[in-house]
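A.B. asks: Input file: final_29.pdb. Contents: PDB, C-alpha atoms.
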```pdb
MODEL        1
ATOM      1  CA  MET A   1      -2.837  16.239  42.457
ATOM      2  CA  SER A   2      -5.183  18.901  41.068
ATOM      3  CA  GLN A   3      -6.933  18.117  37.751
ATOM      4  CA  THR A   4      -8.559  21.566  37.458
ATOM      5  CA  PRO A   5      -7.939  23.032  33.983
ATOM      6  CA  SER A   6      -6.044  26.322  33.974
ATOM      7  CA  ASN A   7      -7.564  29.415  32.440
ATOM      8  CA  ILE A   8      -6.198  29.196  28.874
ATOM      9  CA  ASP A   9      -7.806  30.755  25.821
ATOM     10  CA  ASN A  10      -7.681  29.495  22.232
ATOM     11  CA  HIS A  11      -4.792  31.780  21.353
ATOM     12  CA  ASP A  12      -2.679  30.176  24.080
ATOM     13  CA  PHE A  13      -3.574  26.676  22.830
ATOM     14  CA  LEU A  14      -2.351  27.557  19.343
ATOM     15  CA  ALA A  15       0.844  29.091  20.657
ATOM     16  CA  MET A  16       1.613  26.016  22.768
ATOM     17  CA  ALA A  17       0.876  23.683  19.856
ATOM     18  CA  ARG A  18       3.174  25.647  17.554
ATOM     19  CA  GLU A  19       5.924  25.527  20.171
ATOM     20  CA  ALA A  20       5.553  21.752  20.531
ATOM     21  CA  LEU A  21       5.680  21.245  16.766
ATOM     22  CA  ALA A  22       8.737  23.498  16.482
ATOM     23  CA  ILE A  23      10.553  21.498  19.160
ATOM     24  CA  GLU A  24       9.775  18.197  17.421
ATOM     25  CA  ALA A  25      10.702  19.567  14.000
ATOM     26  CA  GLN A  26      14.042  20.757  15.372
ATOM     27  CA  ALA A  27      14.638  17.351  16.961
ATOM     28  CA  VAL A  28      14.182  15.624  13.601
ATOM     29  CA  SER A  29      16.181  18.234  11.702
ATOM     30  CA  ALA A  30      19.128  17.855  14.077
ATOM     31  CA  LEU A  31      19.387  14.130  13.293
ATOM     32  CA  SER A  32      20.775  14.745   9.803
ATOM     33  CA  GLU A  33      23.751  16.618  11.245
ATOM     34  CA  ARG A  34      24.679  13.628  13.438
ATOM     35  CA  LEU A  35      24.434  10.911  10.772
ATOM     36  CA  ASN A  36      27.780   9.146  10.341
ATOM     37  CA  GLU A  37      29.345   5.908   9.130
ATOM     38  CA  GLN A  38      27.521   4.005  11.869
ATOM     39  CA  PHE A  39      24.276   4.719  10.014
ATOM     40  CA  SER A  40      25.750   3.503   6.716
ATOM     41  CA  GLU A  41      27.045   0.337   8.402
ATOM     42  CA  ALA A  42      23.624  -0.264   9.948
ATOM     43  CA  ALA A  43      21.934   0.153   6.556
ATOM     44  CA  ASN A  44      24.403  -2.302   4.985
ATOM     45  CA  ALA A  45      23.862  -4.789   7.802
ATOM     46  CA  ILE A  46      20.110  -4.679   7.185
ATOM     47  CA  LEU A  47      20.518  -4.841   3.419
ATOM     48  CA  ASN A  48      22.763  -7.908   3.669
ATOM     49  CA  CYS A  49      20.842  -9.555   6.508
ATOM     50  CA  LYS A  50      20.097 -13.207   5.705
ATOM     51  CA  GLY A  51      17.621 -13.467   8.554
ATOM     52  CA  ARG A  52      15.096 -10.946   9.831
ATOM     53  CA  VAL A  53      15.345  -7.432  11.198
ATOM     54  CA  ILE A  54      14.008  -7.570  14.742
ATOM     55  CA  LEU A  55      12.933  -4.430  16.593
ATOM     56  CA  ILE A  56      12.960  -4.575  20.368
ATOM     57  CA  GLY A  57      11.928  -2.125  23.058
ATOM     58  CA  VAL A  58       9.469  -1.406  25.873
ATOM     59  CA  GLY A  59       7.064   1.405  26.687
ATOM     60  CA  LYS A  60       6.868   4.302  24.244
ATOM     61  CA  SER A  61      10.082   3.134  22.563
ATOM     62  CA  GLY A  62       8.404  -0.243  22.077
ATOM     63  CA  LEU A  63       5.492   1.402  20.286
ATOM     64  CA  ILE A  64       7.906   3.207  17.964
ATOM     65  CA  ALA A  65       9.779  -0.057  17.417
ATOM     66  CA  LYS A  66       6.534  -1.739  16.349
ATOM     67  CA  LYS A  67       5.912   0.914  13.730
ATOM     68  CA  ILE A  68       9.474   0.711  12.381
ATOM     69  CA  ALA A  69       9.168  -3.074  12.141
ATOM     70  CA  ALA A  70       5.922  -2.662  10.195
ATOM     71  CA  THR A  71       7.602  -0.196   7.834
ATOM     72  CA  PHE A  72      10.493  -2.572   7.150
ATOM     73  CA  ALA A  73       8.129  -5.499   6.589
ATOM     74  CA  SER A  74       5.970  -3.557   4.141
ATOM     75  CA  THR A  75       8.960  -2.373   2.124
ATOM     76  CA  GLY A  76      10.659  -5.680   1.424
ATOM     77  CA  THR A  77      12.653  -6.374   4.596
ATOM     78  CA  PRO A  78      11.343  -9.317   6.691
ATOM     79  CA  SER A  79      10.885  -7.819  10.130
ATOM     80  CA  PHE A  80       8.951  -8.151  13.370
ATOM     81  CA  PHE A  81       8.758  -6.673  16.873
ATOM     82  CA  VAL A  82       9.761  -8.403  20.104
ATOM     83  CA  HIS A  83       8.834  -6.935  23.475
ATOM     84  CA  ALA A  84      11.910  -6.851  25.691
ATOM     85  CA  THR A  85      10.054  -8.258  28.699
ATOM     86  CA  GLU A  86       8.636 -11.143  26.675
ATOM     87  CA  ALA A  87      12.094 -11.738  25.214
ATOM     88  CA  SER A  88      13.443 -12.614  28.642
ATOM     89  CA  HIS A  89      10.595 -15.099  29.081
ATOM     90  CA  GLY A  90      11.093 -17.186  25.967
ATOM     91  CA  ASP A  91      10.713 -14.913  22.959
ATOM     92  CA  LEU A  92      14.499 -14.768  22.583
ATOM     93  CA  GLY A  93      13.999 -18.071  20.798
ATOM     94  CA  MET A  94      12.761 -16.035  17.809
ATOM     95  CA  ILE A  95      16.209 -14.504  17.332
ATOM     96  CA  THR A  96      18.813 -16.305  15.234
ATOM     97  CA  PRO A  97      22.501 -15.600  14.486
ATOM     98  CA  GLU A  98      21.534 -14.340  11.023
ATOM     99  CA  ASP A  99      19.246 -11.614  12.371
ATOM    100  CA  VAL A 100      19.872  -7.924  12.934
ATOM    101  CA  VAL A 101      18.366  -6.607  16.164
ATOM    102  CA  ILE A 102      17.526  -2.915  16.408
ATOM    103  CA  ALA A 103      17.111  -1.989  20.075
ATOM    104  CA  LEU A 104      15.325   1.237  21.019
ATOM    105  CA  SER A 105      15.707   3.090  24.304
ATOM    106  CA  ASN A 106      16.047   6.845  24.703
ATOM    107  CA  SER A 107      17.870   6.512  28.014
ATOM    108  CA  GLY A 108      19.743   3.433  26.866
ATOM    109  CA  ASN A 109      19.435   2.039  30.386
ATOM    110  CA  THR A 110      15.952   0.516  30.325
ATOM    111  CA  GLU A 111      16.318  -2.482  32.650
ATOM    112  CA  GLU A 112      14.137  -4.910  30.703
ATOM    113  CA  LEU A 113      16.018  -4.165  27.487
ATOM    114  CA  VAL A 114      19.545  -4.118  28.896
ATOM    115  CA  ALA A 115      18.904  -7.440  30.631
ATOM    116  CA  VAL A 116      18.430  -9.329  27.349
ATOM    117  CA  LEU A 117      21.325  -7.785  25.412
ATOM    118  CA  PRO A 118      23.969 -10.320  26.572
ATOM    119  CA  ALA A 119      21.699 -13.201  25.510
ATOM    120  CA  ILE A 120      21.185 -11.623  22.090
ATOM    121  CA  THR A 121      24.948 -11.205  21.725
ATOM    122  CA  ARG A 122      25.490 -14.861  22.670
ATOM    123  CA  ARG A 123      23.041 -15.902  19.969
ATOM    124  CA  GLY A 124      25.261 -14.172  17.438
ATOM    125  CA  ALA A 125      22.829 -11.534  16.190
ATOM    126  CA  LYS A 126      24.139  -8.060  15.376
ATOM    127  CA  ILE A 127      22.778  -5.343  17.674
ATOM    128  CA  VAL A 128      22.046  -1.841  16.390
ATOM    129  CA  ALA A 129      21.223   0.626  19.164
ATOM    130  CA  MET A 130      18.940   3.605  18.661
ATOM    131  CA  THR A 131      19.388   5.719  21.747
ATOM    132  CA  GLY A 132      19.703   9.276  22.996
ATOM    133  CA  LYS A 133      22.566   8.451  25.358
ATOM    134  CA  LEU A 134      25.853   7.418  23.749
ATOM    135  CA  ASP A 135      27.378   6.496  27.127
ATOM    136  CA  SER A 136      24.503   4.200  28.128
ATOM    137  CA  ALA A 137      24.552   0.451  28.771
ATOM    138  CA  LEU A 138      22.738  -0.125  25.471
ATOM    139  CA  ALA A 139      25.284   1.893  23.509
ATOM    140  CA  ARG A 140      28.191   0.073  25.151
ATOM    141  CA  GLN A 141      26.833  -3.398  24.340
ATOM    142  CA  ALA A 142      25.683  -2.662  20.782
ATOM    143  CA  ASP A 143      27.690  -3.355  17.628
ATOM    144  CA  LEU A 144      26.481  -0.111  16.047
ATOM    145  CA  VAL A 145      25.002   2.983  17.667
ATOM    146  CA  LEU A 146      22.615   5.475  16.073
ATOM    147  CA  ASP A 147      22.306   8.736  17.976
ATOM    148  CA  CYS A 148      18.668   9.883  18.145
ATOM    149  CA  GLY A 149      19.054  12.126  21.189
ATOM    150  CA  VAL A 150      17.088  15.346  21.490
ATOM    151  CA  GLU A 151      17.850  18.610  23.222
ATOM    152  CA  LYS A 152      14.517  18.610  25.018
ATOM    153  CA  GLU A 153      11.080  17.039  24.898
ATOM    154  CA  ALA A 154       8.047  18.903  23.604
ATOM    155  CA  CYS A 155       6.446  18.155  26.965
ATOM    156  CA  PRO A 156       6.667  21.354  29.050
ATOM    157  CA  LEU A 157       7.861  19.241  32.001
ATOM    158  CA  ASN A 158      10.544  17.695  29.751
ATOM    159  CA  LEU A 159       9.364  14.292  30.946
ATOM    160  CA  ALA A 160       6.824  12.702  28.582
ATOM    161  CA  PRO A 161       8.521  11.058  25.557
ATOM    162  CA  THR A 162       7.510  13.333  22.682
ATOM    163  CA  ALA A 163      10.359  14.805  20.660
ATOM    164  CA  SER A 164      12.512  11.762  21.476
ATOM    165  CA  THR A 165       9.968   9.280  20.119
ATOM    166  CA  THR A 166       9.419  11.431  17.029
ATOM    167  CA  ALA A 167      13.173  11.498  16.401
ATOM    168  CA  ALA A 168      13.484   7.727  16.845
ATOM    169  CA  LEU A 169      10.592   7.146  14.457
ATOM    170  CA  ALA A 170      12.102   9.464  11.848
ATOM    171  CA  LEU A 171      15.493   7.762  12.130
ATOM    172  CA  GLY A 172      13.844   4.362  11.707
ATOM    173  CA  ASP A 173      12.003   5.624   8.645
ATOM    174  CA  ALA A 174      15.289   6.929   7.234
ATOM    175  CA  LEU A 175      16.846   3.483   7.618
ATOM    176  CA  ALA A 176      13.888   1.807   5.934
ATOM    177  CA  VAL A 177      13.882   4.295   3.032
ATOM    178  CA  VAL A 178      17.624   3.900   2.444
ATOM    179  CA  VAL A 179      17.301   0.114   2.406
ATOM    180  CA  LEU A 180      14.261   0.023   0.107
ATOM    181  CA  LYS A 181      16.016   2.320  -2.369
ATOM    182  CA  ALA A 182      19.148   0.152  -2.265
ATOM    183  CA  ARG A 183      17.004  -2.939  -2.920
ATOM    184  CA  GLY A 184      15.376  -1.297  -5.945
ATOM    185  CA  PHE A 185      11.987  -1.795  -4.264
ATOM    186  CA  SER A 186       9.224  -0.865  -6.738
ATOM    187  CA  GLU A 187       5.543   0.046  -6.695
ATOM    188  CA  GLU A 188       4.777  -3.501  -7.822
ATOM    189  CA  ASP A 189       6.800  -4.904  -4.895
ATOM    190  CA  PHE A 190       4.907  -2.613  -2.521
ATOM    191  CA  ALA A 191       1.592  -3.795  -3.957
ATOM    192  CA  LEU A 192       2.519  -7.426  -3.310
ATOM    193  CA  SER A 193       2.820  -6.584   0.385
ATOM    194  CA  HIS A 194      -0.414  -4.562   0.335
ATOM    195  CA  PRO A 195      -2.928  -6.586  -1.709
ATOM    196  CA  GLY A 196      -5.805  -5.161   0.324
ATOM    197  CA  GLY A 197      -4.814  -1.534  -0.209
ATOM    198  CA  SER A 198      -5.844   0.689  -3.079
ATOM    199  CA  LEU A 199      -2.393   0.543  -4.668
ATOM    200  CA  GLY A 200      -2.341  -3.240  -4.371
ATOM    201  CA  ARG A 201      -5.721  -3.531  -6.061
ATOM    202  CA  LYS A 202      -4.642  -1.220  -8.867
ATOM    203  CA  LEU A 203      -1.337  -2.949  -9.518
ATOM    204  CA  LEU A 204      -2.389  -6.557  -8.940
ATOM    205  CA  THR A 205      -5.932  -6.730 -10.323
ATOM    206  CA  HIS A 206      -6.134  -7.816 -13.947
ATOM    207  CA  VAL A 207      -9.046  -7.624 -16.356
ATOM    208  CA  SER A 208      -9.388 -11.411 -16.126
ATOM    209  CA  ASP A 209     -10.008 -11.069 -12.370
ATOM    210  CA  VAL A 210     -13.059  -8.831 -12.752
ATOM    211  CA  MET A 211     -14.523  -9.580 -16.177
ATOM    212  CA  ARG A 212     -17.795 -11.431 -16.707
ATOM    213  CA  LYS A 213     -17.326 -14.882 -18.203
ATOM    214  CA  GLY A 214     -19.302 -17.665 -19.867
ATOM    215  CA  GLU A 215     -23.057 -17.267 -19.825
ATOM    216  CA  ARG A 216     -22.742 -13.831 -18.258
ATOM    217  CA  ILE A 217     -21.269 -12.400 -21.483
ATOM    218  CA  PRO A 218     -24.018 -10.799 -23.609
ATOM    219  CA  THR A 219     -23.682 -12.230 -27.115
ATOM    220  CA  VAL A 220     -25.882 -12.421 -30.234
ATOM    221  CA  ALA A 221     -25.317 -13.646 -33.767
ATOM    222  CA  PRO A 222     -25.005 -11.105 -36.607
ATOM    223  CA  SER A 223     -28.346 -12.327 -37.972
ATOM    224  CA  ALA A 224     -30.149 -11.430 -34.734
ATOM    225  CA  SER A 225     -32.909  -8.839 -34.871
ATOM    226  CA  ILE A 226     -32.678  -5.569 -32.991
ATOM    227  CA  SER A 227     -35.358  -6.791 -30.583
ATOM    228  CA  SER A 228     -33.280  -9.909 -29.824
ATOM    229  CA  ALA A 229     -30.242  -7.727 -29.180
ATOM    230  CA  ILE A 230     -32.287  -5.518 -26.829
ATOM    231  CA  LEU A 231     -33.458  -8.583 -24.912
ATOM    232  CA  GLU A 232     -29.862  -9.798 -24.536
ATOM    233  CA  ILE A 233     -28.719  -6.365 -23.316
ATOM    234  CA  THR A 234     -31.549  -6.355 -20.789
ATOM    235  CA  ARG A 235     -30.943  -9.917 -19.575
ATOM    236  CA  LYS A 236     -27.199  -9.518 -19.014
ATOM    237  CA  GLY A 237     -27.338  -5.950 -17.653
ATOM    238  CA  LEU A 238     -24.066  -4.820 -19.178
ATOM    239  CA  GLY A 239     -25.440  -2.000 -21.361
ATOM    240  CA  MET A 240     -24.303  -3.712 -24.553
ATOM    241  CA  THR A 241     -24.108  -7.007 -26.372
ATOM    242  CA  ALA A 242     -21.253  -8.469 -28.351
ATOM    243  CA  VAL A 243     -21.982  -9.633 -31.894
ATOM    244  CA  ALA A 244     -20.098 -12.850 -32.604
ATOM    245  CA  GLY A 245     -19.721 -15.348 -35.395
ATOM    246  CA  PRO A 246     -20.354 -19.084 -34.926
ATOM    247  CA  ASP A 247     -16.749 -19.510 -33.730
ATOM    248  CA  ASN A 248     -17.281 -16.824 -31.041
ATOM    249  CA  LYS A 249     -14.992 -14.367 -32.792
ATOM    250  CA  LEU A 250     -15.938 -10.760 -32.154
ATOM    251  CA  LEU A 251     -17.570  -9.030 -35.133
ATOM    252  CA  GLY A 252     -18.838  -5.932 -33.361
ATOM    253  CA  ILE A 253     -20.911  -4.614 -30.462
ATOM    254  CA  PHE A 254     -24.317  -3.021 -30.082
ATOM    255  CA  THR A 255     -24.908  -0.776 -27.055
ATOM    256  CA  ASP A 256     -27.882   0.886 -25.440
ATOM    257  CA  GLY A 257     -26.354   4.164 -26.659
ATOM    258  CA  ASP A 258     -26.526   2.842 -30.240
ATOM    259  CA  LEU A 259     -30.177   1.999 -29.669
ATOM    260  CA  ARG A 260     -30.975   5.521 -28.447
ATOM    261  CA  ARG A 261     -29.314   7.031 -31.490
ATOM    262  CA  LEU A 262     -31.370   4.795 -33.833
ATOM    263  CA  ILE A 263     -34.565   5.856 -32.109
ATOM    264  CA  GLU A 264     -33.562   9.533 -32.375
ATOM    265  CA  GLN A 265     -33.090   9.018 -36.127
ATOM    266  CA  GLY A 266     -36.655   7.740 -36.389
ATOM    267  CA  LEU A 267     -35.657   4.446 -38.043
ATOM    268  CA  ASP A 268     -38.015   1.478 -38.166
ATOM    269  CA  LEU A 269     -36.197  -1.037 -35.967
ATOM    270  CA  ARG A 270     -38.469  -3.976 -36.751
ATOM    271  CA  GLY A 271     -36.757  -4.924 -39.987
ATOM    272  CA  LEU A 272     -33.174  -4.267 -38.984
ATOM    273  CA  LEU A 273     -30.547  -6.879 -38.182
ATOM    274  CA  VAL A 274     -27.960  -6.138 -35.503
ATOM    275  CA  SER A 275     -25.139  -6.600 -38.037
ATOM    276  CA  GLU A 276     -26.498  -3.607 -39.966
ATOM    277  CA  VAL A 277     -26.221  -1.186 -37.075
ATOM    278  CA  MET A 278     -23.472  -2.587 -34.859
ATOM    279  CA  ASN A 279     -20.114  -0.923 -34.271
ATOM    280  CA  ALA A 280     -17.804  -3.132 -36.331
ATOM    281  CA  ALA A 281     -14.606  -1.670 -34.829
ATOM    282  CA  PRO A 282     -15.229  -1.593 -31.085
ATOM    283  CA  LYS A 283     -12.645  -0.934 -28.404
ATOM    284  CA  CYS A 284     -11.454  -4.198 -26.846
ATOM    285  CA  ILE A 285      -9.021  -5.146 -24.104
ATOM    286  CA  ALA A 286      -6.939  -8.239 -23.390
ATOM    287  CA  PRO A 287      -7.591 -10.304 -20.247
ATOM    288  CA  GLU A 288      -3.989  -9.993 -19.055
ATOM    289  CA  LYS A 289      -4.167  -6.192 -18.959
ATOM    290  CA  LEU A 290      -4.414  -4.445 -15.597
ATOM    291  CA  ALA A 291      -7.939  -3.455 -14.614
ATOM    292  CA  VAL A 292      -6.777   0.148 -14.242
ATOM    293  CA  GLU A 293      -5.956   0.106 -17.959
ATOM    294  CA  ALA A 294      -9.591  -0.737 -18.664
ATOM    295  CA  VAL A 295     -10.595   2.239 -16.500
ATOM    296  CA  ARG A 296      -8.244   4.482 -18.437
ATOM    297  CA  MET A 297      -9.560   3.223 -21.781
ATOM    298  CA  MET A 298     -13.161   3.865 -20.786
ATOM    299  CA  GLU A 299     -12.384   7.369 -19.581
ATOM    300  CA  VAL A 300     -10.369   8.325 -22.671
ATOM    301  CA  CYS A 301     -12.809   6.787 -25.165
ATOM    302  CA  HIS A 302     -15.927   7.913 -23.261
ATOM    303  CA  ILE A 303     -17.380   4.394 -23.127
ATOM    304  CA  SER A 304     -18.949   2.494 -20.256
ATOM    305  CA  GLN A 305     -18.344  -1.102 -21.283
ATOM    306  CA  VAL A 306     -15.786  -3.146 -23.159
ATOM    307  CA  VAL A 307     -15.448  -6.634 -24.630
ATOM    308  CA  VAL A 308     -12.453  -8.724 -23.555
ATOM    309  CA  THR A 309     -10.785 -10.637 -26.381
ATOM    310  CA  ASP A 310      -7.721 -12.832 -26.753
ATOM    311  CA  LYS A 311      -4.930 -12.225 -29.253
ATOM    312  CA  GLN A 312      -6.922 -13.909 -32.045
ATOM    313  CA  GLY A 313      -9.981 -11.747 -31.433
ATOM    314  CA  TYR A 314     -12.129 -14.402 -29.747
ATOM    315  CA  ILE A 315     -14.449 -13.248 -26.966
ATOM    316  CA  VAL A 316     -13.326 -14.344 -23.492
ATOM    317  CA  GLY A 317     -15.149 -11.828 -21.301
ATOM    318  CA  ALA A 318     -16.853  -8.473 -20.917
ATOM    319  CA  LEU A 319     -17.077  -5.800 -18.262
ATOM    320  CA  ASN A 320     -18.436  -2.348 -17.601
ATOM    321  CA  PHE A 321     -17.487   0.549 -15.391
ATOM    322  CA  HIS A 322     -19.658  -0.766 -12.561
ATOM    323  CA  ASP A 323     -17.671  -4.020 -12.457
ATOM    324  CA  LEU A 324     -14.462  -2.025 -12.047
ATOM    325  CA  PHE A 325     -16.047   0.134  -9.363
ATOM    326  CA  GLU A 326     -17.114  -2.952  -7.415
ATOM    327  CA  ALA A 327     -13.560  -4.318  -7.692
ATOM    328  CA  LYS A 328     -12.388  -1.004  -6.097
ATOM    329  CA  VAL A 329      -9.923  -0.205  -8.846
ATOM    330  CA  VAL A 330     -11.727   3.032  -9.724
TER     331      VAL A 330
ENDMDL
END
```
Could you render the structure from this file as structure tokens?

C.D. replies:
Amino acid sequence: MSQTPSNIDNHDFLAMAREALAIEAQAVSALSERLNEQFSEAANAILNCKGRVILIGVGKSGLIAKKIAATFASTGTPSFFVHATEASHGDLGMITPEDVVIALSNSGNTEELVAVLPAITRRGAKIVAMTGKLDSALARQADLVLDCGVEKEACPLNLAPTASTTAALALGDALAVVVLKARGFSEEDFALSHPGGSLGRKLLTHVSDVMRKGERIPTVAPSASISSAILEITRKGLGMTAVAGPDNKLLGIFTDGDLRRLIEQGLDLRGLLVSEVMNAAPKCIAPEKLAVEAVRMMEVCHISQVVVTDKQGYIVGALNFHDLFEAKVV
């Protein structure tokens, strides 16, 4: 078979790409016209499933099944993928009578998949078929059938699975979206499944998780000199120091910005106490607040650091913008 590229210019490449995208877009658009009560019954079966939603397939359909399983799992529906070939060699043991099995095959006659359907039925699991052929072996053996057939593939030979896999993926996404909406799945629920993602960090990270504690909190007494306060700011590297009474209750803060302003005023700093120049009404935040709330406070108030206090006003921590940046909540 010849592998010599044909003489095609850039204009032809763009035209062919647009044609392929149009074919796939039409394939997805056509699905909405064929949705029926079988789809609603499938969504209800998944919503009321006491076990897991298991996606099964081989080849390109198997790859789409893997993605659909991942979407279900990340949106509150316990789900995993089983390869049809592996299923016939022991992995059927993963399937229980309380599960819903979604089987993908465009032709509906994939040998490896059809071969395990009777065993799945015997186990008592409900089978939902996603296929392009409503008269196929898969469609006949399934409890519910979702039509994801396409008029033609985007492949010019009408052979490579392209539009058909796109349609199957879109139909799987539609199922997952319907179910997550019916569950009342929230941003917070999504974050719990994605603790390593940016949304998870923003919705699950609290001030108490990122604040500096104990000896790392810059603190001086109200009777401390300005030079002592400067030393504490320098040692702790937070750009400020809290001013606290003997019971560790916050009285105020003194920042490096306050120091610059005193110098600009030409004041003699040697005789000043920190209590004379501190900000006695600083912005504070509670440890149980989300870290993103600390970010918002700093941005709105144009500050770079904040003291963390409990409900009684006692100092429990401190943090600056850099701490939040390192925690990846900025």

A.B. asks: Report as JSON the centre and the edge lengths, in Å to one decimal, of the axis-aligned box holding every listed atom of stretch 241-258 of chain A, padded by 4 Å on each side.

C.D. replies:
```
{"center_x": -21.4, "center_y": -7.7, "center_z": -30.4, "size_x": 20.9, "size_y": 31.7, "size_z": 18.0}
```

A.B. asks: List the residues selected by the PyMOL selection byres ((chain A and resi 182) around 12) in the file shown, writing them as a PyMOL selection string.

C.D. replies: chain A and resi 40+43-44+46-48+75-77+175-181+183-186

A.B. asks: Write the residues of the selection above to a file with C-alpha atoms, as an mmCIF file, in the coordinates of the input.

C.D. replies:
```
data_model
loop_
_atom_site.group_PDB
_atom_site.id
_atom_site.type_symbol
_atom_site.label_atom_id
_atom_site.label_comp_id
_atom_site.auth_asym_id
_atom_site.auth_seq_id
_atom_site.Cartn_x
_atom_site.Cartn_y
_atom_site.Cartn_z
ATOM 1 C CA SER A 40 25.750 3.503 6.716
ATOM 2 C CA ALA A 43 21.934 0.153 6.556
ATOM 3 C CA ASN A 44 24.403 -2.302 4.985
ATOM 4 C CA ILE A 46 20.110 -4.679 7.185
ATOM 5 C CA LEU A 47 20.518 -4.841 3.419
ATOM 6 C CA ASN A 48 22.763 -7.908 3.669
ATOM 7 C CA THR A 75 8.960 -2.373 2.124
ATOM 8 C CA GLY A 76 10.659 -5.680 1.424
ATOM 9 C CA THR A 77 12.653 -6.374 4.596
ATOM 10 C CA LEU A 175 16.846 3.483 7.618
ATOM 11 C CA ALA A 176 13.888 1.807 5.934
ATOM 12 C CA VAL A 177 13.882 4.295 3.032
ATOM 13 C CA VAL A 178 17.624 3.900 2.444
ATOM 14 C CA VAL A 179 17.301 0.114 2.406
ATOM 15 C CA LEU A 180 14.261 0.023 0.107
ATOM 16 C CA LYS A 181 16.016 2.320 -2.369
ATOM 17 C CA ARG A 183 17.004 -2.939 -2.920
ATOM 18 C CA GLY A 184 15.376 -1.297 -5.945
ATOM 19 C CA PHE A 185 11.987 -1.795 -4.264
ATOM 20 C CA SER A 186 9.224 -0.865 -6.738
#
```

A.B. asks: Check which residues satisfy the PyMOL selection byres ((chain A and resi 248) around 9) in the file shown, then give them as a PDB file with C-alpha atoms, in the coordinates of the input.

C.D. replies:
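Output contents, as saved in out12.pdb:
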```pdb
ATOM      1  CA  THR A 219     -23.682 -12.230 -27.115  1.00  0.00           C
ATOM      2  CA  VAL A 243     -21.982  -9.633 -31.894  1.00  0.00           C
ATOM      3  CA  ALA A 244     -20.098 -12.850 -32.604  1.00  0.00           C
ATOM      4  CA  GLY A 245     -19.721 -15.348 -35.395  1.00  0.00           C
ATOM      5  CA  PRO A 246     -20.354 -19.084 -34.926  1.00  0.00           C
ATOM      6  CA  ASP A 247     -16.749 -19.510 -33.730  1.00  0.00           C
ATOM      7  CA  LYS A 249     -14.992 -14.367 -32.792  1.00  0.00           C
ATOM      8  CA  LEU A 250     -15.938 -10.760 -32.154  1.00  0.00           C
ATOM      9  CA  LEU A 251     -17.570  -9.030 -35.133  1.00  0.00           C
ATOM     10  CA  GLY A 313      -9.981 -11.747 -31.433  1.00  0.00           C
ATOM     11  CA  TYR A 314     -12.129 -14.402 -29.747  1.00  0.00           C
ATOM     12  CA  ILE A 315     -14.449 -13.248 -26.966  1.00  0.00           C
ATOM     13  CA  VAL A 316     -13.326 -14.344 -23.492  1.00  0.00           C
TER      14      VAL A 316
END
```

A.B. asks: Run through the PyMOL selection byres ((chain A and resi 116) around 9) on the given coordinates and return the selected residues as a list in words.

C.D. replies: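 What the PyMOL selection byres ((chain A and resi 116) around 9) grabs from the file is Ala84, Thr85, Ala87, Ser88, Leu92, Glu111, Glu112, Leu113, Val114, Ala115, Leu117, Pro118, Ala119, Ile120 and Thr121 of chain A.
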
A.B. asks: Measuring atom to atom with all atoms listed in the file, identify which of A:Ile54, A:Cys148, A:Ala327, A:Val220 is nearest to A:Ala170.

C.D. replies: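 Using all atoms listed in the file, the shortest distance to A:Ala170 belongs to A:Cys148.
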
A.B. asks: Excluding stretch 277-285 of chain A and residues on its chain fewer than 4 positions from it, collect all residues at most 8 Å away from it, counting all atoms listed in the file, and give them as a PyMOL selection string.

C.D. replies: chain A and resi 243+251-254+258+272-273+289+294+306-309

A.B. asks: Name the residues in contact with A:Thr234 at a cut-off of 12 Å, using all atoms listed in the file, excluding same-chain residues fewer than 4 positions from it; report them as a tab-separated table (two decimals) with C-alpha atoms, keeping the file's coordinate frame.

C.D. replies:
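Written file, selection.tsv:
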```tsv
chain	number	residue	atom	x	y	z
A	216	ARG	CA	-22.74	-13.83	-18.26
A	217	ILE	CA	-21.27	-12.40	-21.48
A	218	PRO	CA	-24.02	-10.80	-23.61
A	219	THR	CA	-23.68	-12.23	-27.12
A	227	SER	CA	-35.36	-6.79	-30.58
A	228	SER	CA	-33.28	-9.91	-29.82
A	229	ALA	CA	-30.24	-7.73	-29.18
A	230	ILE	CA	-32.29	-5.52	-26.83
A	238	LEU	CA	-24.07	-4.82	-19.18
A	239	GLY	CA	-25.44	-2.00	-21.36
A	240	MET	CA	-24.30	-3.71	-24.55
A	241	THR	CA	-24.11	-7.01	-26.37
A	255	THR	CA	-24.91	-0.78	-27.06
A	256	ASP	CA	-27.88	0.89	-25.44
```

A.B. asks: Using all atoms listed in the file for the distances, tell me which of A:Gly149, A:Gly108, A:Gly271, A:Pro156 is nearest to A:Ala137.

C.D. replies: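 Answer, going by the shortest atom-to-atom distance: A:Gly108.
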